[in-house]
file input23.pdb (PDB, C-alpha atoms, pLDDT in the B column)
MODEL        1
ATOM      1  CA  MET J   1      -8.365 -11.892 -10.424  1.00 48.00           C
ATOM      2  CA  ASN J   2      -4.941 -12.310  -8.800  1.00 45.00           C
ATOM      3  CA  LYS J   3      -3.259 -11.183 -12.025  1.00 43.00           C
ATOM      4  CA  GLN J   4      -4.778  -7.692 -11.611  1.00 41.00           C
ATOM      5  CA  ILE J   5      -3.710  -7.402  -7.969  1.00 42.00           C
ATOM      6  CA  LYS J   6      -0.265  -8.718  -8.865  1.00 42.00           C
ATOM      7  CA  HIS J   7       0.044  -6.036 -11.579  1.00 38.00           C
ATOM      8  CA  TRP J   8      -0.993  -3.335  -9.095  1.00 43.00           C
ATOM      9  CA  GLY J   9       1.587  -4.600  -6.604  1.00 45.00           C
ATOM     10  CA  ILE J  10       4.255  -4.494  -9.254  1.00 41.00           C
ATOM     11  CA  SER J  11       3.238  -0.899 -10.037  1.00 44.00           C
ATOM     12  CA  ILE J  12       3.647   0.098  -6.398  1.00 47.00           C
ATOM     13  CA  VAL J  13       6.980  -1.684  -6.086  1.00 45.00           C
ATOM     14  CA  MET J  14       8.166  -0.020  -9.275  1.00 39.00           C
ATOM     15  CA  ALA J  15       7.026   3.382  -8.039  1.00 46.00           C
ATOM     16  CA  LEU J  16       8.850   2.889  -4.758  1.00 45.00           C
ATOM     17  CA  SER J  17      11.935   1.571  -6.544  1.00 42.00           C
ATOM     18  CA  ILE J  18      11.962   4.472  -8.979  1.00 38.00           C
ATOM     19  CA  CYS J  19      11.774   6.779  -5.983  1.00 42.00           C
ATOM     20  CA  GLY J  20      15.190   5.600  -4.937  1.00 40.00           C
ATOM     21  CA  LEU J  21      13.886   3.619  -1.979  1.00 39.00           C
ATOM     22  CA  PRO J  22      15.577   0.284  -1.362  1.00 37.00           C
ATOM     23  CA  ASP J  23      13.776  -2.922  -2.169  1.00 44.00           C
ATOM     24  CA  ALA J  24      11.106  -3.285   0.510  1.00 40.00           C
ATOM     25  CA  VAL J  25      12.137  -6.819   1.281  1.00 38.00           C
ATOM     26  CA  SER J  26      15.761  -6.019   2.053  1.00 44.00           C
ATOM     27  CA  ALA J  27      15.405  -2.511   3.478  1.00 44.00           C
ATOM     28  CA  SER J  28      16.759  -2.017   6.942  1.00 47.00           C
ATOM     29  CA  HIS J  29      15.708   0.684   9.354  1.00 51.00           C
ATOM     30  CA  ALA J  30      19.104   2.385   9.011  1.00 55.00           C
ATOM     31  CA  GLN J  31      18.863   2.459   5.221  1.00 52.00           C
ATOM     32  CA  SER J  32      15.359   3.902   5.442  1.00 52.00           C
ATOM     33  CA  GLU J  33      16.518   6.627   7.848  1.00 56.00           C
ATOM     34  CA  ARG J  34      19.408   7.636   5.564  1.00 53.00           C
ATOM     35  CA  ILE J  35      17.105   7.900   2.581  1.00 54.00           C
ATOM     36  CA  GLN J  36      14.497   9.858   4.564  1.00 57.00           C
ATOM     37  CA  GLN J  37      17.164  12.367   5.664  1.00 65.00           C
ATOM     38  CA  ASP J  38      18.097  13.115   2.047  1.00 65.00           C
ATOM     39  CA  LEU J  39      14.516  13.903   1.000  1.00 66.00           C
ATOM     40  CA  PRO J  40      12.627  17.165   1.272  1.00 71.00           C
ATOM     41  CA  PRO J  41       9.993  17.301   4.022  1.00 78.00           C
ATOM     42  CA  ARG J  42       6.849  15.396   3.117  1.00 82.00           C
ATOM     43  CA  ASP J  43       3.680  17.478   2.991  1.00 85.00           C
ATOM     44  CA  GLN J  44       0.083  16.797   3.998  1.00 90.00           C
ATOM     45  CA  ASP J  45      -0.808  15.571   0.481  1.00 89.00           C
ATOM     46  CA  TYR J  46       1.905  12.938   0.742  1.00 91.00           C
ATOM     47  CA  PHE J  47       0.651  11.750   4.142  1.00 93.00           C
ATOM     48  CA  ARG J  48      -2.968  11.741   2.943  1.00 94.00           C
ATOM     49  CA  ASN J  49      -2.017   9.662  -0.115  1.00 94.00           C
ATOM     50  CA  LEU J  50      -0.040   7.286   2.071  1.00 95.00           C
ATOM     51  CA  ALA J  51      -3.041   6.771   4.373  1.00 96.00           C
ATOM     52  CA  GLU J  52      -5.326   6.289   1.364  1.00 96.00           C
ATOM     53  CA  LEU J  53      -2.910   3.788  -0.174  1.00 96.00           C
ATOM     54  CA  SER J  54      -2.895   1.926   3.145  1.00 97.00           C
ATOM     55  CA  ALA J  55      -6.697   1.709   2.986  1.00 97.00           C
ATOM     56  CA  ILE J  56      -6.582   0.465  -0.609  1.00 97.00           C
ATOM     57  CA  ILE J  57      -4.050  -2.219   0.328  1.00 96.00           C
ATOM     58  CA  GLY J  58      -6.326  -3.257   3.210  1.00 96.00           C
ATOM     59  CA  ALA J  59      -9.278  -3.456   0.834  1.00 96.00           C
ATOM     60  CA  ALA J  60      -7.277  -5.541  -1.649  1.00 94.00           C
ATOM     61  CA  HIS J  61      -6.244  -7.807   1.224  1.00 94.00           C
ATOM     62  CA  ALA J  62      -9.907  -8.412   2.088  1.00 95.00           C
ATOM     63  CA  VAL J  63     -10.675  -9.407  -1.504  1.00 94.00           C
ATOM     64  CA  ARG J  64      -7.750 -11.842  -1.596  1.00 91.00           C
ATOM     65  CA  VAL J  65      -8.756 -13.367   1.731  1.00 93.00           C
ATOM     66  CA  ALA J  66     -12.352 -13.752   0.514  1.00 94.00           C
ATOM     67  CA  CYS J  67     -11.218 -15.398  -2.720  1.00 93.00           C
ATOM     68  CA  ASN J  68      -8.093 -17.287  -1.634  1.00 91.00           C
ATOM     69  CA  GLY J  69      -8.613 -17.918   2.087  1.00 92.00           C
ATOM     70  CA  VAL J  70      -6.986 -16.638   5.258  1.00 93.00           C
ATOM     71  CA  ASP J  71      -3.608 -18.092   4.351  1.00 93.00           C
ATOM     72  CA  ASP J  72      -3.215 -15.484   1.594  1.00 90.00           C
ATOM     73  CA  GLN J  73      -1.297 -12.771   3.434  1.00 91.00           C
ATOM     74  CA  TYR J  74       0.310 -11.176   0.386  1.00 88.00           C
ATOM     75  CA  TRP J  75      -1.079  -7.659   0.851  1.00 89.00           C
ATOM     76  CA  ARG J  76      -0.790  -7.724   4.631  1.00 93.00           C
ATOM     77  CA  SER J  77       2.895  -8.614   4.283  1.00 94.00           C
ATOM     78  CA  TYR J  78       3.332  -5.904   1.699  1.00 88.00           C
ATOM     79  CA  MET J  79       1.740  -3.376   4.054  1.00 94.00           C
ATOM     80  CA  GLN J  80       4.183  -4.395   6.770  1.00 95.00           C
ATOM     81  CA  GLN J  81       7.053  -3.715   4.366  1.00 92.00           C
ATOM     82  CA  ILE J  82       5.695  -0.255   3.526  1.00 91.00           C
ATOM     83  CA  LEU J  83       5.304   0.473   7.240  1.00 94.00           C
ATOM     84  CA  GLY J  84       8.937  -0.507   7.723  1.00 93.00           C
ATOM     85  CA  LEU J  85       9.970   2.077   5.138  1.00 87.00           C
ATOM     86  CA  GLU J  86       7.577   4.930   5.764  1.00 88.00           C
ATOM     87  CA  ALA J  87       6.891   4.640   9.506  1.00 92.00           C
ATOM     88  CA  PRO J  88       9.293   2.199  11.161  1.00 92.00           C
ATOM     89  CA  GLU J  89       8.700   3.642  14.643  1.00 92.00           C
ATOM     90  CA  ARG J  90       5.443   3.839  16.572  1.00 94.00           C
ATOM     91  CA  GLY J  91       3.847   7.223  16.152  1.00 94.00           C
ATOM     92  CA  PRO J  92       1.032   9.152  14.494  1.00 94.00           C
ATOM     93  CA  LEU J  93       1.990   8.271  10.906  1.00 94.00           C
ATOM     94  CA  ARG J  94       2.257   4.555  11.604  1.00 96.00           C
ATOM     95  CA  ALA J  95      -1.039   4.629  13.516  1.00 97.00           C
ATOM     96  CA  ARG J  96      -2.733   6.463  10.644  1.00 96.00           C
ATOM     97  CA  MET J  97      -1.442   3.938   8.120  1.00 97.00           C
ATOM     98  CA  VAL J  98      -2.475   0.942  10.239  1.00 97.00           C
ATOM     99  CA  ASP J  99      -5.896   2.489  10.842  1.00 97.00           C
ATOM    100  CA  GLY J 100      -6.264   3.075   7.112  1.00 97.00           C
ATOM    101  CA  PHE J 101      -5.343  -0.526   6.308  1.00 98.00           C
ATOM    102  CA  ASN J 102      -7.779  -1.865   8.910  1.00 97.00           C
ATOM    103  CA  ARG J 103     -10.576   0.474   7.792  1.00 97.00           C
ATOM    104  CA  GLY J 104     -10.052  -0.501   4.146  1.00 97.00           C
ATOM    105  CA  TYR J 105     -10.081  -4.170   5.082  1.00 97.00           C
ATOM    106  CA  GLN J 106     -13.263  -3.901   7.136  1.00 97.00           C
ATOM    107  CA  GLU J 107     -15.147  -1.874   4.531  1.00 95.00           C
ATOM    108  CA  SER J 108     -14.106  -4.202   1.723  1.00 94.00           C
ATOM    109  CA  ALA J 109     -14.920  -7.314   3.764  1.00 94.00           C
ATOM    110  CA  ARG J 110     -18.443  -5.964   4.340  1.00 92.00           C
ATOM    111  CA  ARG J 111     -18.912  -5.274   0.624  1.00 86.00           C
ATOM    112  CA  ASN J 112     -17.031  -8.276  -0.778  1.00 80.00           C
ATOM    113  CA  GLY J 113     -17.199 -10.881   1.987  1.00 82.00           C
ATOM    114  CA  VAL J 114     -17.750 -13.710  -0.482  1.00 90.00           C
ATOM    115  CA  CYS J 115     -15.681 -14.203  -3.607  1.00 93.00           C
ATOM    116  CA  SER J 116     -17.840 -13.478  -6.644  1.00 91.00           C
ATOM    117  CA  ALA J 117     -17.843 -11.677  -9.969  1.00 85.00           C
ATOM    118  CA  ASN J 118     -18.178  -8.472  -7.934  1.00 86.00           C
ATOM    119  CA  SER J 119     -14.859  -9.281  -6.267  1.00 88.00           C
ATOM    120  CA  ALA J 120     -13.073  -9.054  -9.598  1.00 82.00           C
ATOM    121  CA  GLN J 121     -14.704  -5.684 -10.268  1.00 87.00           C
ATOM    122  CA  ALA J 122     -13.768  -4.428  -6.786  1.00 89.00           C
ATOM    123  CA  GLU J 123     -10.215  -5.621  -7.303  1.00 82.00           C
ATOM    124  CA  ALA J 124      -9.965  -3.739 -10.589  1.00 87.00           C
ATOM    125  CA  GLU J 125     -11.188  -0.554  -8.884  1.00 92.00           C
ATOM    126  CA  TYR J 126      -8.640  -0.986  -6.079  1.00 93.00           C
ATOM    127  CA  ALA J 127      -5.926  -1.552  -8.666  1.00 86.00           C
ATOM    128  CA  ARG J 128      -6.788   1.684 -10.499  1.00 93.00           C
ATOM    129  CA  GLU J 129      -6.893   3.701  -7.297  1.00 95.00           C
ATOM    130  CA  GLY J 130      -3.708   2.089  -5.958  1.00 91.00           C
ATOM    131  CA  ARG J 131      -1.923   2.917  -9.198  1.00 91.00           C
ATOM    132  CA  ARG J 132      -3.069   6.549  -9.051  1.00 93.00           C
ATOM    133  CA  LEU J 133      -1.907   6.916  -5.444  1.00 94.00           C
ATOM    134  CA  SER J 134       1.427   5.202  -6.050  1.00 89.00           C
ATOM    135  CA  ASP J 135       2.028   7.538  -9.009  1.00 91.00           C
ATOM    136  CA  GLU J 136       1.311  10.544  -6.791  1.00 89.00           C
ATOM    137  CA  LEU J 137       3.655   9.205  -4.105  1.00 88.00           C
ATOM    138  CA  ALA J 138       6.367   8.669  -6.720  1.00 85.00           C
ATOM    139  CA  ALA J 139       5.878  12.271  -7.886  1.00 84.00           C
ATOM    140  CA  PHE J 140       7.076  13.394  -4.446  1.00 81.00           C
ATOM    141  CA  TYR J 141      10.493  11.944  -5.252  1.00 76.00           C
ATOM    142  CA  PHE J 142      10.529  13.174  -8.856  1.00 79.00           C
ATOM    143  CA  PRO J 143       8.584  16.439  -9.048  1.00 74.00           C
ATOM    144  CA  SER J 144       7.875  17.715 -12.525  1.00 71.00           C
TER     145      SER J 144
ENDMDL
END
call {"tool": "encode", "arguments": {"input": "input23.pdb", "output": "structure tokens"}}
result
Amino acid sequence: MNKQIKHWGISIVMALSICGLPDAVSASHAQSERIQQDLPPRDQDYFRNLAELSAIIGAAHAVRVACNGVDDQYWRSYMQQILGLEAPERGPLRARMVDGFNRGYQESARRNGVCSANSAQAEAEYAREGRRLSDELAAFYFPS
């Protein structure tokens, strides 16, 4: 199961890296601001996809916690890194992303509260949706 989530995470990291964003782990607020200033204004589709991706990451986090225990904070940490890049300051975007993550977590925890064969299926669905959203987010940086 973790192999699928790991692949999805790699896809998101690759999409963000391809976009010209600095590595999420080493990005500073100043670097993020400089990059944001060089980009065209983000539209409502971009913000919607970002909120949806936040919910998917929250849902994936719930599956990992159900299957690996509360010490598995991989997706929560990843979400914090995305927040640092996309919405480093408190405001409506950050609140929307956090709400999306929490909503995704709660909904997934209700559906997949216990690790089972259904958890693997849910994880695969989250991976597909996360990949689709990360591709759409990457398209913002490289329009066709």
call {"tool": "closest_residue", "arguments": {"input": "input23.pdb", "among": "J:Ile82, J:Ala138, J:Val63, J:Leu133", "to": "Gln106 of chain J", "atoms": "all atoms listed in the file"}}
result
J:Val63
call {"tool": "atom_distance", "arguments": {"input": "input23.pdb", "atom1": "atom CA of Val65 of chain J", "atom2": "atom CA of Glu136 of chain J"}}
result
27.3 Å
call {"tool": "atom_distance", "arguments": {"input": "input23.pdb", "atom1": "atom CA of Leu53 of chain J", "atom2": "atom CA of Ala117 of chain J"}}
result
23.6 Å
call {"tool": "atom_distance", "arguments": {"input": "input23.pdb", "atom1": "atom CA of Ala139 of chain J", "atom2": "atom CA of Tyr105 of chain J"}}
result
26.3 Å
call {"tool": "resolve_selection", "arguments": {"input": "input23.pdb", "expression": "the PyMOL selection byres ((chain J and resi 74) around 12)", "output": "count of residues only"}}
result
25
call {"tool": "residues_around", "arguments": {"input": "input23.pdb", "residues": "segment 41-48 of chain J", "least_positions_apart": "5", "cutoff": "8 Å", "atoms": "only C-alpha atoms", "output": "PyMOL selection string"}}
result
chain J and resi 93+136-137+140
call {"tool": "residues_around", "arguments": {"input": "input23.pdb", "residues": "Ser108 of chain J", "least_positions_apart": "4", "cutoff": "12 Å", "atoms": "all atoms listed in the file", "output": "list in words"}}
result
Ala55, Ile56, Ile57, Gly58, Ala59, Ala60, His61, Ala62, Val63, Arg64, Val65, Ala66, Gly100, Phe101, Asn102, Arg103, Gly104, Asn112, Gly113, Val114, Cys115, Asn118, Ser119, Ala122, Glu123, Glu125 and Tyr126 of chain J
call {"tool": "axis_aligned_box", "arguments": {"input": "input23.pdb", "around": "segment 122-130 of chain J", "padding_each_side": "6 Å", "output": "AutoDock Vina command-line options"}}
result
--center_x -8.7 --center_y -1.0 --center_z -8.3 --size_x 22.1 --size_y 21.3 --size_z 16.6
call {"tool": "build_atoms", "arguments": {"input": "input23.pdb", "residues": "segment 115-138 of chain J", "atoms": "N, CA and C atoms", "output": "PDB file, keeping the file's coordinate frame"}}
result
ATOM      1  N   CYS J 115     -16.290 -14.350  -2.293  1.00 93.00           N
ATOM      2  CA  CYS J 115     -15.681 -14.203  -3.607  1.00 93.00           C
ATOM      3  C   CYS J 115     -16.739 -14.403  -4.689  1.00 93.00           C
ATOM      4  N   SER J 116     -16.839 -13.432  -5.582  1.00 91.00           N
ATOM      5  CA  SER J 116     -17.840 -13.478  -6.644  1.00 91.00           C
ATOM      6  C   SER J 116     -17.339 -12.665  -7.828  1.00 91.00           C
ATOM      7  N   ALA J 117     -18.183 -12.533  -8.825  1.00 85.00           N
ATOM      8  CA  ALA J 117     -17.843 -11.677  -9.969  1.00 85.00           C
ATOM      9  C   ALA J 117     -17.637 -10.242  -9.506  1.00 85.00           C
ATOM     10  N   ASN J 118     -18.354  -9.820  -8.479  1.00 86.00           N
ATOM     11  CA  ASN J 118     -18.178  -8.472  -7.934  1.00 86.00           C
ATOM     12  C   ASN J 118     -16.796  -8.296  -7.326  1.00 86.00           C
ATOM     13  N   SER J 119     -16.206  -9.367  -6.840  1.00 88.00           N
ATOM     14  CA  SER J 119     -14.859  -9.281  -6.267  1.00 88.00           C
ATOM     15  C   SER J 119     -13.850  -8.867  -7.325  1.00 88.00           C
ATOM     16  N   ALA J 120     -13.982  -9.409  -8.506  1.00 82.00           N
ATOM     17  CA  ALA J 120     -13.073  -9.054  -9.598  1.00 82.00           C
ATOM     18  C   ALA J 120     -13.233  -7.585  -9.963  1.00 82.00           C
ATOM     19  N   GLN J 121     -14.462  -7.100  -9.973  1.00 87.00           N
ATOM     20  CA  GLN J 121     -14.704  -5.684 -10.268  1.00 87.00           C
ATOM     21  C   GLN J 121     -14.121  -4.805  -9.166  1.00 87.00           C
ATOM     22  N   ALA J 122     -14.322  -5.193  -7.908  1.00 89.00           N
ATOM     23  CA  ALA J 122     -13.768  -4.428  -6.786  1.00 89.00           C
ATOM     24  C   ALA J 122     -12.248  -4.398  -6.862  1.00 89.00           C
ATOM     25  N   GLU J 123     -11.676  -5.540  -7.186  1.00 82.00           N
ATOM     26  CA  GLU J 123     -10.215  -5.621  -7.303  1.00 82.00           C
ATOM     27  C   GLU J 123      -9.689  -4.685  -8.376  1.00 82.00           C
ATOM     28  N   ALA J 124     -10.379  -4.629  -9.500  1.00 87.00           N
ATOM     29  CA  ALA J 124      -9.965  -3.739 -10.589  1.00 87.00           C
ATOM     30  C   ALA J 124     -10.041  -2.279 -10.147  1.00 87.00           C
ATOM     31  N   GLU J 125     -11.064  -1.924  -9.391  1.00 92.00           N
ATOM     32  CA  GLU J 125     -11.188  -0.554  -8.884  1.00 92.00           C
ATOM     33  C   GLU J 125     -10.050  -0.242  -7.907  1.00 92.00           C
ATOM     34  N   TYR J 126      -9.748  -1.186  -7.024  1.00 93.00           N
ATOM     35  CA  TYR J 126      -8.640  -0.986  -6.079  1.00 93.00           C
ATOM     36  C   TYR J 126      -7.325  -0.844  -6.831  1.00 93.00           C
ATOM     37  N   ALA J 127      -7.157  -1.620  -7.877  1.00 86.00           N
ATOM     38  CA  ALA J 127      -5.926  -1.552  -8.666  1.00 86.00           C
ATOM     39  C   ALA J 127      -5.766  -0.172  -9.308  1.00 86.00           C
ATOM     40  N   ARG J 128      -6.853   0.347  -9.878  1.00 93.00           N
ATOM     41  CA  ARG J 128      -6.788   1.684 -10.499  1.00 93.00           C
ATOM     42  C   ARG J 128      -6.457   2.753  -9.461  1.00 93.00           C
ATOM     43  N   GLU J 129      -7.131   2.697  -8.335  1.00 95.00           N
ATOM     44  CA  GLU J 129      -6.893   3.701  -7.297  1.00 95.00           C
ATOM     45  C   GLU J 129      -5.492   3.546  -6.698  1.00 95.00           C
ATOM     46  N   GLY J 130      -5.053   2.327  -6.480  1.00 91.00           N
ATOM     47  CA  GLY J 130      -3.708   2.089  -5.958  1.00 91.00           C
ATOM     48  C   GLY J 130      -2.648   2.607  -6.916  1.00 91.00           C
ATOM     49  N   ARG J 131      -2.863   2.431  -8.187  1.00 91.00           N
ATOM     50  CA  ARG J 131      -1.923   2.917  -9.198  1.00 91.00           C
ATOM     51  C   ARG J 131      -1.853   4.444  -9.166  1.00 91.00           C
ATOM     52  N   ARG J 132      -3.028   5.093  -9.092  1.00 93.00           N
ATOM     53  CA  ARG J 132      -3.069   6.549  -9.051  1.00 93.00           C
ATOM     54  C   ARG J 132      -2.314   7.074  -7.826  1.00 93.00           C
ATOM     55  N   LEU J 133      -2.570   6.474  -6.672  1.00 94.00           N
ATOM     56  CA  LEU J 133      -1.907   6.916  -5.444  1.00 94.00           C
ATOM     57  C   LEU J 133      -0.407   6.657  -5.477  1.00 94.00           C
ATOM     58  N   SER J 134      -0.011   5.495  -5.991  1.00 89.00           N
ATOM     59  CA  SER J 134       1.427   5.202  -6.050  1.00 89.00           C
ATOM     60  C   SER J 134       2.129   6.152  -7.011  1.00 89.00           C
ATOM     61  N   ASP J 135       1.447   6.546  -8.092  1.00 91.00           N
ATOM     62  CA  ASP J 135       2.028   7.538  -9.009  1.00 91.00           C
ATOM     63  C   ASP J 135       2.195   8.884  -8.313  1.00 91.00           C
ATOM     64  N   GLU J 136       1.209   9.274  -7.520  1.00 89.00           N
ATOM     65  CA  GLU J 136       1.311  10.544  -6.791  1.00 89.00           C
ATOM     66  C   GLU J 136       2.423  10.491  -5.743  1.00 89.00           C
ATOM     67  N   LEU J 137       2.571   9.356  -5.070  1.00 88.00           N
ATOM     68  CA  LEU J 137       3.655   9.205  -4.105  1.00 88.00           C
ATOM     69  C   LEU J 137       5.012   9.266  -4.803  1.00 88.00           C
ATOM     70  N   ALA J 138       5.107   8.639  -5.971  1.00 85.00           N
ATOM     71  CA  ALA J 138       6.367   8.669  -6.720  1.00 85.00           C
ATOM     72  C   ALA J 138       6.691  10.089  -7.169  1.00 85.00           C
TER      73      ALA J 138
END
